[in-house]
Every structure is written in structure tokens, then in C-alpha cells.
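Colleague: Quick one: this structure, given as C-alpha cells, is what I'll be asking you about.
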Amino acid sequence: MIRLSTPQTSALPQEIHHFNELACTLGTESFPKALLGCLGPWVDCQHFSVLRMAGERPRLLAVGTRHQDTGVVLSCGQAYIERYYCHDPLFEPLRAAPGRIGHLLAQDIRFMPYREAIYPRHGISERLSSVYLDEQERPVLFSLYRHRDQGFFTDRELQMCEALNPALLQLLRGHLALIGLNRAADYRQQLLQHCSGLTKQELEVCSRLLRGMNHAGIAADLGIKESTVKTYRNRAFERLGINFRSQLFALLKTMG
């Protein structure tokens, strides 16, 4: 007998209900708030940040906050990216051991300009971080921040963060991938509006170039040779009347 039923989320245990809500927000603007809300019963923190630590300097991929001053996490993230990432004592050990948890107190930072600009100035007392490698083997740094008025992380919170970390990293990976797919769809639509003659393969290559992927990564993602990626790129650029990737980004801005 075939039976259809309506999901009854109210029947879930409370701790599972939080993860259920979080999973339903993947790829949406609600994810950052849901992530902090989900963690709250086990690891109480004010902010989180996700940075891709590759290229000339890191790139901020996602942030979330429950603090009354919502600009704090962005201000700290920008300062870290522009001036202080090379003084972070936690990143290199984590990059050497992806998936491990690193714990840092503000007083552990020896480079005083970095410590003062991000931690005491904003009332941040400590940080928990972990690294995973993305599809192009680039390190992605995930960090949770604690404020002085919350006290220090308890042993129980540290243990729970270690236990939850594998699932959290996978959720972040999925969230960022969905954001990328949504952006790629927007890029394809904008490019088609500008040049309707672009083929499906040319659109797929250009949308991935706009997402920051390199030729090798695009080839692996599409299951084609790197030389074929360059062929599609060259054909697309010819149709668009451009010669370089930087011009592709500039073109997208004019279309926006």
C-alpha cells in the first residue's frame, strides 16, 4: 500500500531539530544565524568566519554573528585579511593537520598589533578553528569566537566542538557549494542576456571562471581536458569581445 505523509518536525528531539533546521538553510542567507543557533546549546559563541587561505591574501567566504554590533565580525575579518593573517599562530599547524581543532587565547598571540586590533579592541577572548581542503586543495579556515563577557569555553564545550567538527565542516562545504551554484546560475543568465550566441559549454566555463576557479579545477569539475577548457574559454571570449579574465569580471559589473 502506497502511503504519503507530511513531515512532522515537531516529533524530532530538540537537539536533532536544531540540525534539521540548519540543514534546511544550506545555500541561503539564513544559514549563518541558523549555524550559531544550532551550536548554542553545546558551544556558545558570538561569531564565526570562513576564509579561503589561498592566493596573495585570504578571501572571506562567510560570516555570522549574534552580537549586538553586527559589524564586529566583518571589521575583524577585513583587518585579518588585509594585515594580520601572516601573523596568525594557529593557521599553519591547522593547515598541516586538516580536520583538527585549534584553540587560541588572545594572550597566546605574540604579535601585539594583531592581538590588539582584533581581540581586546572588540572584547574577543578566544577562538576555536579548523581547516578543510576544498575541491582544489585550497585550505579553508573555519573559526568560532568567544567574548570576554561569556567567560571562557568550558571543557565540555571544547569536547563538543571536537565531536561536532566533522559534521560542521561538511555542512560548511555544502553551504558554500550551493552558494557557488546559485551564483553560477546568475552568471550564466547575465552572460546569455549579453550574448545569446554563447554555447552551453562556453557558459559553464565562464561561470566557473567568475567563481574564481582555475583551468585545472574547471576541467576536473566538468570532466574534460584542461586544453578543452581553454578552447571553450577562447571561443567565449571572442564572442564577448574580450581577451582576459579580468575583462570578464569587468564585463559582469557593467551588466549588473
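Identifiers in this document derive from the order of the C-alpha cells: chains are assigned A, B, ..., residues are numbered from 1 separately in each chain, and ligands are numbered from 1 in order of occurrence.
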Do you know which residues are at most 8 Å from region 36-51 of chain A counting only C-alpha atoms, after dropping those on the same chain fewer than 5 positions away, and could you put them as a ChimeraX atom specification?

Modeller: /A:18-19,22,58-67,73,77,140-147,153,157-158,160-161

Colleague: Taking the DSSP assignment computed from this structure's backbone, write out as a PyMOL selection string all residues of region 3-226 of chain A that belong to strand (DSSP E or B).

Modeller: chain A and resi 47-52+59-65+101-105+124-133+139-147

Colleague: Just to be explicit: take each residue in the selection above, keep N, CA and C atoms, and write the result as a compact mmCIF listing (two decimals), in the first residue's frame.

Modeller:
# COMPACT_ATOMS: atom_id res chain seq x y z
N HIS A 47 30.48 34.78 17.23
CA HIS A 47 30.74 34.97 15.80
C HIS A 47 31.33 33.70 15.19
N PHE A 48 31.23 33.62 13.87
CA PHE A 48 32.05 32.67 13.13
C PHE A 48 32.50 33.32 11.84
N SER A 49 33.59 32.82 11.30
CA SER A 49 34.06 33.28 9.99
C SER A 49 34.60 32.10 9.21
N VAL A 50 34.54 32.20 7.88
CA VAL A 50 35.09 31.18 6.99
C VAL A 50 35.93 31.91 5.95
N LEU A 51 37.21 31.56 5.89
CA LEU A 51 38.13 32.22 4.96
C LEU A 51 38.85 31.17 4.13
N ARG A 52 39.00 31.47 2.84
CA ARG A 52 39.84 30.62 1.99
C ARG A 52 41.24 31.20 2.03
N ARG A 59 40.55 35.15 1.39
CA ARG A 59 39.27 35.67 0.94
C ARG A 59 38.19 35.28 1.94
N LEU A 60 37.40 36.25 2.37
CA LEU A 60 36.32 35.99 3.32
C LEU A 60 35.14 35.39 2.57
N LEU A 61 34.77 34.15 2.92
CA LEU A 61 33.70 33.45 2.22
C LEU A 61 32.36 33.57 2.93
N ALA A 62 32.36 33.59 4.26
CA ALA A 62 31.10 33.66 5.01
C ALA A 62 31.39 34.12 6.43
N VAL A 63 30.42 34.83 7.02
CA VAL A 63 30.50 35.24 8.42
C VAL A 63 29.12 35.14 9.03
N GLY A 64 29.07 35.08 10.35
CA GLY A 64 27.81 35.10 11.07
C GLY A 64 28.04 35.67 12.46
N THR A 65 27.03 36.32 13.03
CA THR A 65 27.18 36.90 14.35
C THR A 65 25.85 36.93 15.09
N ILE A 101 41.12 20.42 15.54
CA ILE A 101 40.62 21.64 16.18
C ILE A 101 41.79 22.38 16.83
N GLY A 102 41.85 23.68 16.60
CA GLY A 102 42.85 24.51 17.25
C GLY A 102 42.18 25.48 18.21
N HIS A 103 42.78 25.68 19.38
CA HIS A 103 42.23 26.57 20.41
C HIS A 103 43.25 27.65 20.70
N LEU A 104 42.81 28.91 20.61
CA LEU A 104 43.71 30.05 20.76
C LEU A 104 43.11 31.06 21.73
N LEU A 105 43.87 31.44 22.78
CA LEU A 105 43.51 32.54 23.64
C LEU A 105 44.14 33.82 23.11
N ILE A 124 36.98 40.24 22.29
CA ILE A 124 37.07 38.82 21.95
C ILE A 124 38.18 38.19 22.80
N SER A 125 37.87 37.07 23.43
CA SER A 125 38.83 36.46 24.35
C SER A 125 39.52 35.22 23.80
N GLU A 126 38.81 34.47 22.95
CA GLU A 126 39.41 33.24 22.44
C GLU A 126 38.73 32.78 21.16
N ARG A 127 39.34 31.77 20.55
CA ARG A 127 38.91 31.32 19.23
C ARG A 127 39.14 29.82 19.10
N LEU A 128 38.20 29.16 18.44
CA LEU A 128 38.34 27.77 18.04
C LEU A 128 38.35 27.72 16.52
N SER A 129 39.28 26.99 15.93
CA SER A 129 39.40 26.97 14.47
C SER A 129 39.69 25.56 13.96
N SER A 130 39.34 25.37 12.69
CA SER A 130 39.65 24.12 11.99
C SER A 130 39.83 24.44 10.52
N VAL A 131 40.53 23.56 9.82
CA VAL A 131 40.79 23.76 8.38
C VAL A 131 40.33 22.53 7.61
N TYR A 132 39.70 22.77 6.45
CA TYR A 132 39.48 21.69 5.50
C TYR A 132 40.01 22.13 4.14
N LEU A 133 40.24 21.19 3.26
CA LEU A 133 40.74 21.49 1.92
C LEU A 133 39.58 21.43 0.94
N PRO A 139 43.27 25.52 1.38
CA PRO A 139 42.81 25.46 2.77
C PRO A 139 41.71 26.47 3.05
N VAL A 140 40.67 26.01 3.73
CA VAL A 140 39.56 26.87 4.15
C VAL A 140 39.53 26.86 5.67
N LEU A 141 39.61 28.05 6.27
CA LEU A 141 39.73 28.21 7.72
C LEU A 141 38.38 28.59 8.32
N PHE A 142 37.86 27.75 9.22
CA PHE A 142 36.60 27.99 9.91
C PHE A 142 36.90 28.32 11.37
N SER A 143 36.38 29.46 11.86
CA SER A 143 36.69 29.89 13.23
C SER A 143 35.44 30.31 13.98
N LEU A 144 35.40 29.96 15.27
CA LEU A 144 34.36 30.38 16.20
C LEU A 144 35.00 31.29 17.25
N TYR A 145 34.30 32.37 17.63
CA TYR A 145 34.87 33.36 18.53
C TYR A 145 34.04 33.51 19.80
N ARG A 146 34.74 33.71 20.92
CA ARG A 146 34.12 33.86 22.23
C ARG A 146 34.46 35.25 22.79
N HIS A 147 33.48 35.91 23.42
CA HIS A 147 33.69 37.21 24.02
C HIS A 147 33.97 37.11 25.52

Colleague: Of the candidates A:Lys230, A:Arg57, A:Arg183, A:Arg95, which shows the shortest atom-to-atom distance to Thr28 (chain A), using only C-alpha atoms?

Modeller: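 Ranking A:Lys230, A:Arg57, A:Arg183, A:Arg95 by distance to Thr28 (chain A), first place goes to A:Arg183.
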
Colleague: Enumerate as a ChimeraX atom specification all residues of region 42-251 of chain A assigned to alpha helix (DSSP H) by DSSP on the backbone, naming them with the chain letters and numbers the document uses.

Modeller: /A:72-79,91-95,112-118,155-194,200-210,215-222,226-240,245-251

Colleague: Calculate how many Å separate CA of Leu248 (chain A) from CA of Glu137 (chain A), rounding to one decimal.

Modeller: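 CA of Glu137 (chain A) lies 24.8 Å from CA of Leu248 (chain A).
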
Colleague: For Cys86 (chain A), find every residue with an atom within 10 Å (counting only C-alpha atoms), except residues of its own chain fewer than 4 positions away, and show them as a list in words.

Modeller: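 What passes the distance filter is Arg57, Pro58, Tyr80, Ile81, Glu82, Phe91, Glu92 and Tyr114 of chain A.
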
Colleague: With N, CA and C atoms kept, could you save the residues just selected as a PDB file, in the first residue's frame?

Modeller:
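Resulting contents of selection15.pdb:
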ATOM      1  N   ARG A  57      46.284  36.821  -0.781  1.00  0.00           N
ATOM      2  CA  ARG A  57      45.784  37.044   0.571  1.00  0.00           C
ATOM      3  C   ARG A  57      44.471  36.285   0.726  1.00  0.00           C
ATOM      4  N   PRO A  58      44.043  36.019   1.963  1.00  0.00           N
ATOM      5  CA  PRO A  58      42.818  35.240   2.169  1.00  0.00           C
ATOM      6  C   PRO A  58      41.595  35.942   1.584  1.00  0.00           C
ATOM      7  N   TYR A  80      42.023  41.142   9.484  1.00  0.00           N
ATOM      8  CA  TYR A  80      42.803  39.904   9.382  1.00  0.00           C
ATOM      9  C   TYR A  80      43.290  39.700   7.950  1.00  0.00           C
ATOM     10  N   ILE A  81      42.408  39.885   6.983  1.00  0.00           N
ATOM     11  CA  ILE A  81      42.735  39.666   5.575  1.00  0.00           C
ATOM     12  C   ILE A  81      43.781  40.660   5.080  1.00  0.00           C
ATOM     13  N   GLU A  82      43.620  41.911   5.462  1.00  0.00           N
ATOM     14  CA  GLU A  82      44.472  42.966   4.914  1.00  0.00           C
ATOM     15  C   GLU A  82      45.837  43.056   5.581  1.00  0.00           C
ATOM     16  N   PHE A  91      47.096  29.123  12.178  1.00  0.00           N
ATOM     17  CA  PHE A  91      46.780  28.632  10.841  1.00  0.00           C
ATOM     18  C   PHE A  91      47.733  27.552  10.341  1.00  0.00           C
ATOM     19  N   GLU A  92      49.028  27.783  10.421  1.00  0.00           N
ATOM     20  CA  GLU A  92      49.984  26.824   9.855  1.00  0.00           C
ATOM     21  C   GLU A  92      49.875  25.437  10.494  1.00  0.00           C
ATOM     22  N   TYR A 114      48.391  42.725  15.956  1.00  0.00           N
ATOM     23  CA  TYR A 114      47.317  41.785  15.592  1.00  0.00           C
ATOM     24  C   TYR A 114      46.418  41.519  16.797  1.00  0.00           C
TER      25      TYR A 114
END
